[in-house]
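Enquirer: Dumping the structure here so I can ask a few things about it.
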Amino acid sequence: MKKLKFYTYLKIIAFLLLMFVAIAYPKNVFDVIIADLIEIKVLATTAKIISLVFNDKLLLLIMILLSAFLVWIKEVKKAVFIFFSAGIGGFLLFAIKYSVQRVRPLPEVHDGFSFPSGHSTFVALFFLALLFIINKKEILSAIATFAIIAVPISRMVLGAHFLSDVIAGVLLGSIVVDVMKVYYIDIYNIIERKLGKNKWIN
């Protein structure tokens, strides 16, 4: 039986605590104060650009296309890792958002629900997944660090999310990648048994 690493369990506990706060205290004083402080109008344009470049739906699309490309070049195990990371991450994000239904800091500006942040979830999911499958990580690591810090801040500056939303999003993306690192080979083996090795690879 494969086991997740200890820090993954800590991330899960932290995420569940944040989800409890979002459900029980959606307008808690700490989140509201941070949201009011960080909504800096002069940074709004920069925040919009960052949110647009690292849009969660765009990153999801890129992961799906990347999965297809990896299958085409016979990197099927990596394709399974990327595709199922994107799929499971997207499903959990949707399910949790519509279960918690937390109102955004500025609901008159942004539609949809606030917890967890979709942008933060997918920027963490996207870059952590890429870092796992790519050998040369130097430049990607720098971009990933910038994006995983800048995107959550940009979402708060725009009034789309509370601090707890973006932290939970990064945690969720990270948890999905951690779990997939442990189980993606098992998923690959199941698919291979069902489809047959030649059909799956050719």
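Here's how to read the names in the structure tokens: chain A, B, ... by the order shown, residue numbers from 1 in each chain, ligand numbers from 1 in the order shown.
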Any idea what's packed within 12 Å of A:Leu70, counting only C-alpha atoms, ignoring anything in its chain fewer than 2 positions away? Could you give it as a list in words?

Expert: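 Answer for this query is Ile62, Met63, Ile64, Leu65, Leu66, Ser67, Ala68, Trp72, Ile73, Lys74, Glu75, Val76, Lys77, Lys78, Ala79, Val80, Phe81, Ile82, Phe83, Ile133, Ile134 and Ile201 of chain A.
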
Enquirer: Could those selected residues go to a file with N, CA and C atoms, as a short mmCIF file (atom, residue, chain, number, x, y, z; two decimals), in the first residue's frame?

Expert:
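For reference, result.cif as written:
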```cif
data_model
loop_
_atom_site.label_atom_id
_atom_site.label_comp_id
_atom_site.auth_asym_id
_atom_site.auth_seq_id
_atom_site.Cartn_x
_atom_site.Cartn_y
_atom_site.Cartn_z
N ILE A 62 -4.25 24.16 -21.45
CA ILE A 62 -2.85 23.85 -21.79
C ILE A 62 -2.48 22.46 -21.27
N MET A 63 -2.93 22.11 -20.07
CA MET A 63 -2.62 20.79 -19.51
C MET A 63 -3.25 19.68 -20.33
N ILE A 64 -4.47 19.89 -20.81
CA ILE A 64 -5.12 18.88 -21.64
C ILE A 64 -4.39 18.72 -22.97
N LEU A 65 -4.04 19.85 -23.59
CA LEU A 65 -3.30 19.80 -24.86
C LEU A 65 -1.91 19.18 -24.67
N LEU A 66 -1.27 19.52 -23.55
CA LEU A 66 0.03 18.94 -23.25
C LEU A 66 -0.07 17.42 -23.09
N SER A 67 -1.15 16.96 -22.47
CA SER A 67 -1.37 15.52 -22.30
C SER A 67 -1.44 14.83 -23.65
N ALA A 68 -2.19 15.44 -24.58
CA ALA A 68 -2.31 14.87 -25.92
C ALA A 68 -0.95 14.84 -26.62
N TRP A 72 1.31 11.60 -27.96
CA TRP A 72 1.80 11.56 -29.34
C TRP A 72 3.29 11.25 -29.42
N ILE A 73 4.07 11.77 -28.45
CA ILE A 73 5.51 11.52 -28.46
C ILE A 73 5.89 10.31 -27.58
N LYS A 74 4.88 9.53 -27.22
CA LYS A 74 5.06 8.27 -26.49
C LYS A 74 5.49 8.44 -25.03
N GLU A 75 5.27 9.62 -24.47
CA GLU A 75 5.52 9.83 -23.03
C GLU A 75 4.19 9.65 -22.30
N VAL A 76 3.69 8.41 -22.35
CA VAL A 76 2.32 8.16 -21.91
C VAL A 76 2.15 8.30 -20.40
N LYS A 77 3.12 7.86 -19.65
CA LYS A 77 3.00 7.97 -18.18
C LYS A 77 2.94 9.43 -17.75
N LYS A 78 3.76 10.26 -18.39
CA LYS A 78 3.71 11.70 -18.09
C LYS A 78 2.36 12.29 -18.51
N ALA A 79 1.83 11.80 -19.63
CA ALA A 79 0.52 12.27 -20.11
C ALA A 79 -0.56 11.93 -19.09
N VAL A 80 -0.50 10.73 -18.55
CA VAL A 80 -1.46 10.31 -17.53
C VAL A 80 -1.36 11.22 -16.31
N PHE A 81 -0.13 11.50 -15.90
CA PHE A 81 0.08 12.36 -14.74
C PHE A 81 -0.53 13.74 -14.95
N ILE A 82 -0.25 14.35 -16.10
CA ILE A 82 -0.75 15.70 -16.38
C ILE A 82 -2.26 15.70 -16.54
N PHE A 83 -2.79 14.76 -17.32
CA PHE A 83 -4.22 14.74 -17.61
C PHE A 83 -5.05 14.52 -16.35
N ILE A 133 7.53 16.63 -14.21
CA ILE A 133 7.79 15.85 -15.42
C ILE A 133 8.95 16.38 -16.25
N ILE A 134 9.40 17.61 -15.96
CA ILE A 134 10.46 18.22 -16.77
C ILE A 134 11.81 18.08 -16.05
N ILE A 201 -0.48 2.86 -26.60
CA ILE A 201 0.72 3.59 -26.99
C ILE A 201 0.69 4.01 -28.45
#
```

Enquirer: Per DSSP on the backbone, what are the helix (DSSP H, G or I) residues of chain A, as an MDAnalysis selection string?

Expert: chainID A and resid 6:24 29:38 41:53 56:72 76:100 118:133 138:157 163:195 197:201

Enquirer: Restricting it to C-alpha atoms, dump the selection as a compact mmCIF listing (two decimals), in the first residue's frame.

Expert:
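Saved the output as out.txt:
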```txt
# COMPACT_ATOMS: atom_id res chain seq x y z
CA PHE A 6 3.58 13.44 5.99
CA TYR A 7 3.57 17.01 4.66
CA THR A 8 0.75 16.11 2.28
CA TYR A 9 -1.41 15.19 5.27
CA LEU A 10 -0.50 18.53 6.86
CA LYS A 11 -1.61 20.31 3.68
CA ILE A 12 -4.91 18.41 3.72
CA ILE A 13 -5.51 19.35 7.36
CA ALA A 14 -4.68 23.01 6.64
CA PHE A 15 -7.02 23.01 3.64
CA LEU A 16 -9.87 21.49 5.66
CA LEU A 17 -9.37 24.09 8.40
CA LEU A 18 -9.56 26.88 5.82
CA MET A 19 -12.69 25.31 4.33
CA PHE A 20 -14.25 25.24 7.80
CA VAL A 21 -13.48 28.96 8.20
CA ALA A 22 -14.96 29.71 4.77
CA ILE A 23 -18.17 27.86 5.68
CA ALA A 24 -18.57 28.89 9.32
CA VAL A 29 -12.64 39.92 10.54
CA PHE A 30 -9.14 38.78 9.54
CA ASP A 31 -10.05 38.03 5.93
CA VAL A 32 -12.05 41.23 5.58
CA ILE A 33 -9.27 43.42 6.99
CA ILE A 34 -6.65 41.82 4.72
CA ALA A 35 -8.98 42.19 1.72
CA ASP A 36 -9.53 45.89 2.48
CA LEU A 37 -5.81 46.52 2.92
CA ILE A 38 -4.68 44.77 -0.24
CA LYS A 41 -6.24 50.53 -6.98
CA VAL A 42 -2.90 51.54 -8.49
CA LEU A 43 -1.97 47.85 -8.85
CA ALA A 44 -5.27 46.86 -10.45
CA THR A 45 -3.97 46.94 -14.04
CA THR A 46 -0.95 44.79 -13.21
CA ALA A 47 -3.18 42.40 -11.25
CA LYS A 48 -5.56 42.08 -14.21
CA ILE A 49 -2.69 41.25 -16.56
CA ILE A 50 -1.32 38.58 -14.19
CA SER A 51 -4.80 37.08 -13.74
CA LEU A 52 -5.33 37.05 -17.50
CA VAL A 53 -1.97 35.45 -18.32
CA ASP A 56 -7.27 28.97 -14.58
CA LYS A 57 -9.28 27.89 -17.64
CA LEU A 58 -6.32 28.63 -19.91
CA LEU A 59 -3.98 26.58 -17.72
CA LEU A 60 -6.49 23.71 -17.70
CA LEU A 61 -6.66 23.81 -21.51
CA ILE A 62 -2.85 23.85 -21.79
CA MET A 63 -2.62 20.79 -19.51
CA ILE A 64 -5.12 18.88 -21.64
CA LEU A 65 -3.30 19.80 -24.86
CA LEU A 66 0.03 18.94 -23.25
CA SER A 67 -1.37 15.52 -22.30
CA ALA A 68 -2.31 14.87 -25.92
CA PHE A 69 1.15 15.95 -27.08
CA LEU A 70 2.83 13.67 -24.54
CA VAL A 71 0.79 10.70 -25.77
CA TRP A 72 1.80 11.56 -29.34
CA VAL A 76 2.32 8.16 -21.91
CA LYS A 77 3.00 7.97 -18.18
CA LYS A 78 3.71 11.70 -18.09
CA ALA A 79 0.52 12.27 -20.11
CA VAL A 80 -1.46 10.31 -17.53
CA PHE A 81 0.08 12.36 -14.74
CA ILE A 82 -0.75 15.70 -16.38
CA PHE A 83 -4.22 14.74 -17.61
CA PHE A 84 -5.45 13.25 -14.36
CA SER A 85 -3.88 16.04 -12.29
CA ALA A 86 -5.85 18.54 -14.37
CA GLY A 87 -9.04 16.48 -14.32
CA ILE A 88 -9.03 15.68 -10.61
CA GLY A 89 -7.98 19.23 -9.73
CA GLY A 90 -10.73 20.72 -11.88
CA PHE A 91 -13.36 18.37 -10.46
CA LEU A 92 -12.40 19.05 -6.83
CA LEU A 93 -12.26 22.80 -7.45
CA PHE A 94 -15.75 22.81 -8.99
CA ALA A 95 -17.22 20.53 -6.33
CA ILE A 96 -15.80 22.48 -3.40
CA LYS A 97 -16.69 25.90 -4.84
CA TYR A 98 -20.33 24.93 -5.32
CA SER A 99 -20.50 23.13 -1.98
CA VAL A 100 -19.08 25.99 0.09
CA GLY A 118 -9.51 28.75 -9.06
CA HIS A 119 -6.57 30.82 -10.33
CA SER A 120 -4.49 29.93 -7.27
CA THR A 121 -5.44 26.25 -7.48
CA PHE A 122 -4.47 25.90 -11.12
CA VAL A 123 -1.33 28.01 -11.04
CA ALA A 124 0.02 25.73 -8.27
CA LEU A 125 -1.29 22.60 -9.98
CA PHE A 126 0.09 23.59 -13.40
CA PHE A 127 3.60 24.54 -12.37
CA LEU A 128 4.12 21.85 -9.73
CA ALA A 129 2.98 19.23 -12.25
CA LEU A 130 5.35 20.60 -14.90
CA LEU A 131 8.24 20.65 -12.44
CA PHE A 132 7.61 16.96 -11.77
CA ILE A 133 7.79 15.85 -15.42
CA GLU A 138 16.02 26.12 -13.49
CA ILE A 139 14.06 28.62 -15.60
CA LEU A 140 10.73 26.91 -14.93
CA SER A 141 11.36 27.02 -11.18
CA ALA A 142 11.85 30.79 -11.32
CA ILE A 143 8.66 31.29 -13.36
CA ALA A 144 6.75 28.94 -11.08
CA THR A 145 7.88 30.77 -7.94
CA PHE A 146 6.84 34.11 -9.40
CA ALA A 147 3.46 32.83 -10.61
CA ILE A 148 2.54 30.95 -7.42
CA ILE A 149 3.21 34.13 -5.41
CA ALA A 150 1.94 36.76 -7.86
CA VAL A 151 -1.32 35.14 -8.94
CA PRO A 152 -2.85 34.82 -5.44
CA ILE A 153 -1.83 38.41 -4.64
CA SER A 154 -3.35 39.63 -7.92
CA ARG A 155 -6.65 37.93 -7.11
CA MET A 156 -6.79 39.66 -3.73
CA VAL A 157 -5.85 43.05 -5.24
CA LEU A 163 -6.57 35.56 1.78
CA SER A 164 -7.93 32.21 2.98
CA ASP A 165 -9.31 31.52 -0.52
CA VAL A 166 -5.96 31.89 -2.26
CA ILE A 167 -4.03 29.97 0.39
CA ALA A 168 -6.58 27.16 0.13
CA GLY A 169 -6.26 27.23 -3.66
CA VAL A 170 -2.49 26.83 -3.59
CA LEU A 171 -2.85 24.04 -1.02
CA LEU A 172 -5.47 22.25 -3.12
CA GLY A 173 -3.32 22.37 -6.26
CA SER A 174 -0.32 21.15 -4.30
CA ILE A 175 -2.28 18.32 -2.67
CA VAL A 176 -3.55 17.06 -6.03
CA VAL A 177 0.01 16.96 -7.41
CA ASP A 178 1.29 15.20 -4.27
CA VAL A 179 -1.42 12.53 -4.56
CA MET A 180 -0.87 12.07 -8.30
CA LYS A 181 2.88 11.56 -7.77
CA VAL A 182 2.01 8.53 -5.67
CA TYR A 183 -0.79 7.04 -7.79
CA TYR A 184 -0.31 8.03 -11.44
CA ILE A 185 1.60 4.83 -12.28
CA ASP A 186 -1.29 2.80 -10.86
CA ILE A 187 -3.72 4.76 -13.04
CA TYR A 188 -1.47 4.15 -16.05
CA ASN A 189 -1.38 0.40 -15.33
CA ILE A 190 -5.18 0.24 -15.02
CA ILE A 191 -5.63 2.01 -18.37
CA GLU A 192 -3.02 -0.21 -19.99
CA ARG A 193 -4.81 -3.34 -18.77
CA LYS A 194 -8.17 -2.08 -20.04
CA LEU A 195 -6.99 -0.85 -23.46
CA LYS A 197 -0.51 -1.86 -24.40
CA ASN A 198 -0.40 -1.51 -28.20
CA LYS A 199 -3.69 0.40 -28.47
CA TRP A 200 -2.70 2.67 -25.62
CA ILE A 201 0.72 3.59 -26.99
```

Enquirer: Could you check how far atom CA of A:Asn135 sits from atom CA of A:Phe54, in Å to one decimal?

Expert: 22.5 Å

Enquirer: Please report the interatomic distance between atom CA of A:Arg104 and atom CA of A:His161 in Å with one decimal.

Expert: 5.8 Å

Enquirer: What gap, in Å, lies between atom CA of A:Ser117 and atom CA of A:Tyr25?

Expert: 16.8 Å
